[in-house]
Structure formats: C-alpha cells, structure tokens
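To be precise, the following lines are target31.cif, and they hold mmCIF, C-alpha atoms.
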data_input
#
loop_
_atom_site.group_PDB
_atom_site.id
_atom_site.type_symbol
_atom_site.label_atom_id
_atom_site.label_comp_id
_atom_site.auth_asym_id
_atom_site.auth_seq_id
_atom_site.Cartn_x
_atom_site.Cartn_y
_atom_site.Cartn_z
ATOM 1 C CA MET V 1 -23.473 34.604 -64.087
ATOM 2 C CA GLN V 2 -20.983 34.295 -61.227
ATOM 3 C CA ASP V 3 -18.331 33.266 -63.771
ATOM 4 C CA ALA V 4 -19.079 36.173 -66.118
ATOM 5 C CA ARG V 5 -16.205 38.466 -66.988
ATOM 6 C CA ILE V 6 -16.747 42.219 -66.603
ATOM 7 C CA THR V 7 -15.110 43.871 -69.618
ATOM 8 C CA GLU V 8 -16.294 47.418 -69.014
ATOM 9 C CA ALA V 9 -17.898 49.319 -66.162
ATOM 10 C CA GLU V 10 -19.193 52.862 -65.957
ATOM 11 C CA VAL V 11 -21.062 54.991 -63.500
ATOM 12 C CA ILE V 12 -23.948 56.373 -65.546
ATOM 13 C CA ARG V 13 -25.032 58.757 -62.816
ATOM 14 C CA ALA V 14 -23.162 59.307 -59.547
ATOM 15 C CA ALA V 15 -25.797 61.186 -57.534
ATOM 16 C CA PRO V 16 -28.302 61.380 -55.982
ATOM 17 C CA LYS V 17 -28.467 57.649 -56.768
ATOM 18 C CA ARG V 18 -25.448 55.869 -58.220
ATOM 19 C CA PHE V 19 -26.422 53.998 -61.410
ATOM 20 C CA VAL V 20 -23.889 51.514 -62.782
ATOM 21 C CA ARG V 21 -23.590 49.713 -66.128
ATOM 22 C CA GLU V 22 -21.313 46.718 -66.464
ATOM 23 C CA HIS V 23 -20.653 44.993 -69.769
ATOM 24 C CA VAL V 24 -20.371 41.285 -68.994
ATOM 25 C CA VAL V 25 -19.267 38.307 -71.053
ATOM 26 C CA MET V 26 -20.684 34.937 -70.019
ATOM 27 C CA PRO V 27 -18.510 31.798 -70.079
ATOM 28 C CA ASP V 28 -20.301 30.687 -73.280
ATOM 29 C CA GLY V 29 -19.514 34.005 -75.028
ATOM 30 C CA TYR V 30 -22.910 35.686 -74.626
ATOM 31 C CA GLU V 31 -22.488 39.425 -73.915
ATOM 32 C CA CYS V 32 -24.863 41.901 -72.289
ATOM 33 C CA ASP V 33 -25.032 45.121 -70.327
ATOM 34 C CA TRP V 34 -26.064 44.782 -66.690
ATOM 35 C CA PHE V 35 -27.521 47.821 -64.909
ATOM 36 C CA TYR V 36 -28.024 48.289 -61.171
ATOM 37 C CA VAL V 37 -28.270 50.898 -58.445
ATOM 38 C CA ASP V 38 -25.146 50.877 -56.267
ATOM 39 C CA THR V 39 -25.920 52.048 -52.736
ATOM 40 C CA PRO V 40 -24.140 52.375 -49.411
ATOM 41 C CA PRO V 41 -25.463 50.295 -46.506
ATOM 42 C CA SER V 42 -28.751 51.525 -45.081
ATOM 43 C CA VAL V 43 -30.780 51.278 -41.885
ATOM 44 C CA LEU V 44 -34.459 50.950 -41.049
ATOM 45 C CA VAL V 45 -36.022 51.400 -37.605
ATOM 46 C CA VAL V 46 -39.342 50.139 -36.225
ATOM 47 C CA PRO V 47 -39.921 52.680 -33.431
ATOM 48 C CA VAL V 48 -42.278 51.664 -30.608
ATOM 49 C CA THR V 49 -43.654 54.221 -28.131
ATOM 50 C CA ALA V 50 -44.161 53.533 -24.418
ATOM 51 C CA ALA V 51 -47.865 53.024 -25.243
ATOM 52 C CA GLY V 52 -46.926 50.297 -27.748
ATOM 53 C CA ASN V 53 -47.699 52.292 -30.900
ATOM 54 C CA LEU V 54 -45.493 52.358 -33.978
ATOM 55 C CA VAL V 55 -44.015 55.591 -35.262
ATOM 56 C CA MET V 56 -44.101 55.667 -39.050
ATOM 57 C CA VAL V 57 -43.609 58.168 -41.845
ATOM 58 C CA ARG V 58 -46.211 58.913 -44.506
ATOM 59 C CA GLN V 59 -44.448 60.338 -47.540
ATOM 60 C CA TYR V 60 -44.853 60.908 -51.246
ATOM 61 C CA ARG V 61 -42.859 58.567 -53.475
ATOM 62 C CA HIS V 62 -42.484 60.143 -56.889
ATOM 63 C CA ASN V 63 -41.772 56.901 -58.746
ATOM 64 C CA LEU V 64 -45.066 55.471 -57.393
ATOM 65 C CA LYS V 65 -46.983 58.777 -57.799
ATOM 66 C CA ARG V 66 -48.580 58.290 -54.378
ATOM 67 C CA HIS V 67 -48.164 58.609 -50.629
ATOM 68 C CA VAL V 68 -47.008 55.513 -48.760
ATOM 69 C CA LEU V 69 -46.487 54.536 -45.139
ATOM 70 C CA GLU V 70 -42.933 53.536 -44.209
ATOM 71 C CA PHE V 71 -40.618 53.159 -41.248
ATOM 72 C CA PRO V 72 -37.815 55.714 -40.803
ATOM 73 C CA ALA V 73 -34.867 54.637 -42.906
ATOM 74 C CA GLY V 74 -31.848 55.938 -44.764
ATOM 75 C CA VAL V 75 -28.225 55.431 -45.695
ATOM 76 C CA VAL V 76 -25.295 55.017 -43.355
ATOM 77 C CA GLU V 77 -23.018 58.032 -43.774
ATOM 78 C CA ASP V 78 -19.241 57.602 -44.223
ATOM 79 C CA GLY V 79 -17.593 56.901 -40.866
ATOM 80 C CA GLU V 80 -20.938 56.404 -39.104
ATOM 81 C CA GLY V 81 -21.812 53.273 -37.132
ATOM 82 C CA ILE V 82 -24.905 51.238 -38.054
ATOM 83 C CA GLU V 83 -26.742 51.896 -34.768
ATOM 84 C CA GLU V 84 -25.718 55.555 -34.818
ATOM 85 C CA ALA V 85 -27.210 55.870 -38.331
ATOM 86 C CA ALA V 86 -30.438 54.174 -37.222
ATOM 87 C CA LEU V 87 -30.875 56.611 -34.323
ATOM 88 C CA ARG V 88 -30.024 59.601 -36.550
ATOM 89 C CA GLU V 89 -32.605 58.555 -39.160
ATOM 90 C CA LEU V 90 -35.199 58.025 -36.423
ATOM 91 C CA LEU V 91 -34.666 61.569 -35.133
ATOM 92 C CA GLU V 92 -34.394 63.203 -38.581
ATOM 93 C CA GLU V 93 -37.506 61.628 -40.063
ATOM 94 C CA THR V 94 -39.809 61.467 -37.040
ATOM 95 C CA GLY V 95 -38.514 63.821 -34.351
ATOM 96 C CA TYR V 96 -38.495 60.844 -31.943
ATOM 97 C CA ARG V 97 -35.456 59.614 -30.023
ATOM 98 C CA ARG V 98 -34.572 56.602 -27.963
ATOM 99 C CA ALA V 99 -35.886 57.064 -24.419
ATOM 100 C CA GLU V 100 -33.737 56.397 -21.371
ATOM 101 C CA GLY V 101 -33.196 52.644 -21.162
ATOM 102 C CA CYS V 102 -34.578 52.063 -24.650
ATOM 103 C CA ARG V 103 -33.113 49.156 -26.546
ATOM 104 C CA LEU V 104 -32.207 49.005 -30.204
ATOM 105 C CA GLN V 105 -32.825 45.363 -31.096
ATOM 106 C CA PRO V 106 -31.443 44.084 -34.403
ATOM 107 C CA LEU V 107 -33.932 42.284 -36.641
ATOM 108 C CA GLY V 108 -31.256 41.303 -39.161
ATOM 109 C CA ALA V 109 -29.755 42.696 -42.345
ATOM 110 C CA PHE V 110 -31.223 42.048 -45.778
ATOM 111 C CA TYR V 111 -30.839 42.867 -49.458
ATOM 112 C CA SER V 112 -33.682 44.950 -50.859
ATOM 113 C CA LEU V 113 -34.659 44.051 -54.424
ATOM 114 C CA PRO V 114 -31.428 42.158 -55.229
ATOM 115 C CA SER V 115 -32.273 41.971 -58.948
ATOM 116 C CA GLU V 116 -32.012 45.775 -59.249
ATOM 117 C CA THR V 117 -29.689 46.987 -56.479
ATOM 118 C CA ASN V 118 -27.049 45.923 -53.961
ATOM 119 C CA LYS V 119 -28.879 47.843 -51.198
ATOM 120 C CA TYR V 120 -28.197 46.132 -47.860
ATOM 121 C CA THR V 121 -30.471 47.244 -45.027
ATOM 122 C CA HIS V 122 -29.854 46.748 -41.295
ATOM 123 C CA ALA V 123 -33.227 46.625 -39.514
ATOM 124 C CA PHE V 124 -33.902 47.392 -35.844
ATOM 125 C CA VAL V 125 -36.728 47.716 -33.335
ATOM 126 C CA ALA V 126 -36.394 50.651 -30.943
ATOM 127 C CA ASP V 127 -38.659 50.255 -27.931
ATOM 128 C CA ALA V 128 -39.790 53.151 -25.741
ATOM 129 C CA VAL V 129 -39.069 55.995 -28.151
ATOM 130 C CA GLU V 130 -40.251 59.481 -27.206
ATOM 131 C CA PRO V 131 -40.845 62.763 -29.030
ATOM 132 C CA ALA V 132 -37.843 65.102 -29.025
ATOM 133 C CA GLY V 133 -39.175 67.839 -31.324
ATOM 134 C CA PRO V 134 -40.343 68.180 -34.903
ATOM 135 C CA ALA V 135 -38.986 65.957 -37.676
ATOM 136 C CA GLN V 136 -36.191 67.724 -39.549
ATOM 137 C CA GLY V 137 -35.601 65.565 -42.629
ATOM 138 C CA ASP V 138 -32.265 65.714 -44.369
ATOM 139 C CA ALA V 139 -30.986 68.835 -46.098
ATOM 140 C CA VAL V 140 -30.966 67.328 -49.588
ATOM 141 C CA ILE V 141 -34.220 65.878 -50.921
ATOM 142 C CA GLU V 142 -36.589 64.904 -48.094
ATOM 143 C CA ARG V 143 -38.040 68.399 -47.964
ATOM 144 C CA TYR V 144 -39.865 67.512 -51.195
ATOM 145 C CA PHE V 145 -41.348 64.217 -49.913
ATOM 146 C CA ASP V 146 -44.349 65.771 -48.155
ATOM 147 C CA MET V 147 -43.372 63.787 -45.045
ATOM 148 C CA GLU V 148 -45.727 63.411 -42.110
ATOM 149 C CA VAL V 149 -45.197 61.447 -38.893
ATOM 150 C CA ALA V 150 -47.901 58.902 -38.051
ATOM 151 C CA GLU V 151 -48.180 57.159 -34.689
ATOM 152 C CA ILE V 152 -50.368 54.084 -35.199
ATOM 153 C CA SER V 153 -51.146 50.819 -33.440
ATOM 154 C CA LEU V 154 -49.697 47.504 -34.523
ATOM 155 C CA ASP V 155 -53.188 46.450 -35.645
ATOM 156 C CA GLU V 156 -53.564 49.604 -37.778
ATOM 157 C CA ALA V 157 -50.178 48.936 -39.378
ATOM 158 C CA LEU V 158 -51.139 45.343 -40.147
ATOM 159 C CA MET V 159 -54.441 46.496 -41.675
ATOM 160 C CA SER V 160 -52.494 48.973 -43.851
ATOM 161 C CA VAL V 161 -50.432 46.210 -45.500
ATOM 162 C CA GLY V 162 -51.307 46.178 -49.187
ATOM 163 C CA GLY V 163 -52.783 49.686 -48.919
ATOM 164 C CA ASP V 164 -50.685 52.606 -47.704
ATOM 165 C CA LEU V 165 -48.064 50.213 -46.299
ATOM 166 C CA CYS V 166 -47.071 48.713 -49.644
ATOM 167 C CA GLY V 167 -43.258 48.518 -49.764
ATOM 168 C CA MET V 168 -41.906 45.012 -49.251
ATOM 169 C CA GLU V 169 -39.088 46.312 -47.063
ATOM 170 C CA ALA V 170 -41.623 47.792 -44.600
ATOM 171 C CA VAL V 171 -43.934 44.765 -44.845
ATOM 172 C CA ALA V 172 -41.084 42.320 -44.195
ATOM 173 C CA VAL V 173 -39.703 44.264 -41.243
ATOM 174 C CA LEU V 174 -43.183 44.687 -39.769
ATOM 175 C CA SER V 175 -43.591 40.905 -39.971
ATOM 176 C CA LEU V 176 -40.254 40.370 -38.214
ATOM 177 C CA ALA V 177 -40.990 43.010 -35.574
ATOM 178 C CA ARG V 178 -44.577 41.915 -34.883
ATOM 179 C CA PRO V 179 -43.798 39.377 -32.117
ATOM 180 C CA LEU V 180 -41.367 41.796 -30.417
ATOM 181 C CA VAL V 181 -43.891 44.644 -30.529
ATOM 182 C CA ALA V 182 -46.672 42.371 -29.250
ATOM 183 C CA ALA V 183 -44.432 41.159 -26.394
ATOM 184 C CA TRP V 184 -43.466 44.772 -25.576
ATOM 185 C CA ARG V 185 -47.138 45.768 -25.412
ATOM 186 C CA GLN V 186 -47.919 42.731 -23.234
ATOM 187 C CA ASN V 187 -45.097 43.574 -20.795
ATOM 188 C CA GLN V 188 -46.158 47.210 -20.588
ATOM 189 C CA SER V 189 -49.796 46.393 -19.812
ATOM 190 C CA GLY V 190 -49.201 43.507 -17.454
#

Turn the structure described in the file into structure tokens.
Amino acid sequence: MQDARITEAEVIRAAPKRFVREHVVMPDGYECDWFYVDTPPSVLVVPVTAAGNLVMVRQYRHNLKRHVLEFPAGVVEDGEGIEEAALRELLEETGYRRAEGCRLQPLGAFYSLPSETNKYTHAFVADAVEPAGPAQGDAVIERYFDMEVAEISLDEALMSVGGDLCGMEAVAVLSLARPLVAAWRQNQSG
C-alpha cells in the first residue's frame, strides 16, 4: 500500500474527532476507500504518589457502554510542549500535580491502533505526584464521562488488567512502567 496513489481525500467529520476518507489506487489498479481517525499527538501519564500508589481515572466510555480504568491522557494542544501537555492532563483529569522534585520520565512514544488511526501517544511516569485540588476535566466533553479519580496500588492495577483496566494503551504503559514503579516503591521504603 505504500505505493498507492491517493486520488481523492475528504474530511468526513472535522470535530470532535477528525474522520478522513482517502480514495486510493494500488499499483495494480485496484481501488478502494480508506478511512481513519486523524488525531494530533497525545500524552499519557502514569502518576505515582509518594506512597507508591498509582493515580488512575475511572470513566464511562460510550463506545464500550461501560466504565473503564485508565491513566490520565489527552491531546497536545497547538503550541504546547509534550511534557507541558502531560502535566496539564494530569491536573485536569485527576487534580494531582507533580510534587517538588518530581520527575517526568519518558516511557516512549507509540501508535495506538495503527490500523484505524494515526494517534501517536507520548507516555510518561510521574513520580511523587500530590493532590492539588479536585479534578476539573476539560470544558468540552469530559463532563459527560462520569469521571472518578482512583488511587490504587500497583498490585491492584495489575489484577484489574482484563477487567476494568481493559484498554491496550493502559495495559501496555502499565507493563512498561511496572519496573519503574516497583523500583520507586522499593527506594521509598528502604
């Protein structure tokens, strides 16, 4: 498909999600419409409290028709830095902020569901986060997500995989963050 020719492109819906259709012609002449969700870069944060617990968000996902457990995440706004966006999302969705001396450690950047979207997520671990007030959510749609902050242990999060923690983005980042969180807990207790 990398040699396909795009003969037509249209934005089917610009907001709140940008849906794109491209008419492509393969080198052998086969033609088809290709649909995907076009998104700006995004961020995801694994917040760790001084006690070694994870701060997560329980929220209703309409397309799944259920509540799920996720890490704070969202899009990078125009003109905003990646780390700045991660800290903003942390505060907006959980009411927690980076404590004095807290590090924001990159876990890497990854495509989420590359067959359906070009969503590229920058993942971080934030150690020693602290409450700064109530979660605010964004002004657009999050007020409808029935969001609730959950502070849980690493073991509880791992036991939730496949249950309430069912999104592959959260599962993958939890797997990447696990050794860092375990080391953080070890350093704090010893």

Given the file shown, enumerate the residues that the PyMOL selection byres ((chain V and resi 126) around 6) captures and present them as an mmCIF file with C-alpha atoms, in the frame of the given file.
data_model
loop_
_atom_site.group_PDB
_atom_site.id
_atom_site.type_symbol
_atom_site.label_atom_id
_atom_site.label_comp_id
_atom_site.auth_asym_id
_atom_site.auth_seq_id
_atom_site.Cartn_x
_atom_site.Cartn_y
_atom_site.Cartn_z
ATOM 1 C CA PRO V 47 -39.921 52.680 -33.431
ATOM 2 C CA VAL V 48 -42.278 51.664 -30.608
ATOM 3 C CA ARG V 103 -33.113 49.156 -26.546
ATOM 4 C CA LEU V 104 -32.207 49.005 -30.204
ATOM 5 C CA VAL V 125 -36.728 47.716 -33.335
ATOM 6 C CA ASP V 127 -38.659 50.255 -27.931
#

For a test of reading the model, state the distance in Å between CA of Ala86 (chain V) and CA of Pro106 (chain V), rounded to one decimal.
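Straight-line distance from CA of Ala86 (chain V) to CA of Pro106 (chain V) works out to 10.5 Å.
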
Test item: residues at most 8 Å from Val75 (chain V), only C-alpha atoms, excluding those fewer than 3 positions along its chain, as an MDAnalysis selection string:
chainID V and resid 40:43 85

Keeping only C-alpha atoms, write the selected residues as a compact mmCIF listing (two decimals), in the coordinates of the input.
# COMPACT_ATOMS: atom_id res chain seq x y z
CA PRO V 40 -24.14 52.38 -49.41
CA PRO V 41 -25.46 50.30 -46.51
CA SER V 42 -28.75 51.52 -45.08
CA VAL V 43 -30.78 51.28 -41.88
CA ALA V 85 -27.21 55.87 -38.33

Can you turn the PyMOL selection byres ((chain V and resi 184) around 10) into a concrete residue list for this file, as a VMD selection string?
chain V and resid 48 to 52 127 to 128 178 to 183 185 to 189

If the PyMOL selection byres ((chain V and resi 100) around 10) were run on this exact file, what residues would it hold? Put them as a PyMOL selection string.
chain V and resi 97-99+101-103+128-130

Contacts of region 50-145 of chain V with region 152-176 of chain V up to 7 Å, shortest pair per row, all atoms listed in the file, as a Markdown table:
| residue | atom | partner | partner_atom | distance |
| --- | --- | --- | --- | --- |
| V:Asn53 | CA | V:Ser153 | CA | 4.5 |
| V:Leu54 | CA | V:Ile152 | CA | 5.3 |
| V:Val55 | CA | V:Ile152 | CA | 6.5 |
| V:Val68 | CA | V:Asp164 | CA | 4.8 |
| V:Leu69 | CA | V:Leu165 | CA | 4.7 |
| V:Glu70 | CA | V:Ala170 | CA | 5.9 |
| V:Phe71 | CA | V:Ala170 | CA | 6.4 |
| V:Leu107 | CA | V:Leu176 | CA | 6.8 |
| V:Ser112 | CA | V:Glu169 | CA | 6.7 |

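CA of Ala177 (chain V) sits 25.3 Å away from CA of Gly133 (chain V).
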
Considering all atoms listed in the file, state which residue in the set V:Ala15, V:Ala150, V:Ile82, V:Ala9 is at the smallest distance from Val57 (chain V).
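Of all the options, V:Ala150 lies closest to Val57 (chain V).
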
Considering all atoms listed in the file, can you say which of V:Thr39, V:Ser115, V:Gln59, V:Thr94 comes closest to Pro16 (chain V)?
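Closest to Pro16 (chain V), using all atoms listed in the file: V:Thr39.
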
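Coordinates place CA of Lys17 (chain V) at a distance of 21.5 Å from CA of Val45 (chain V).
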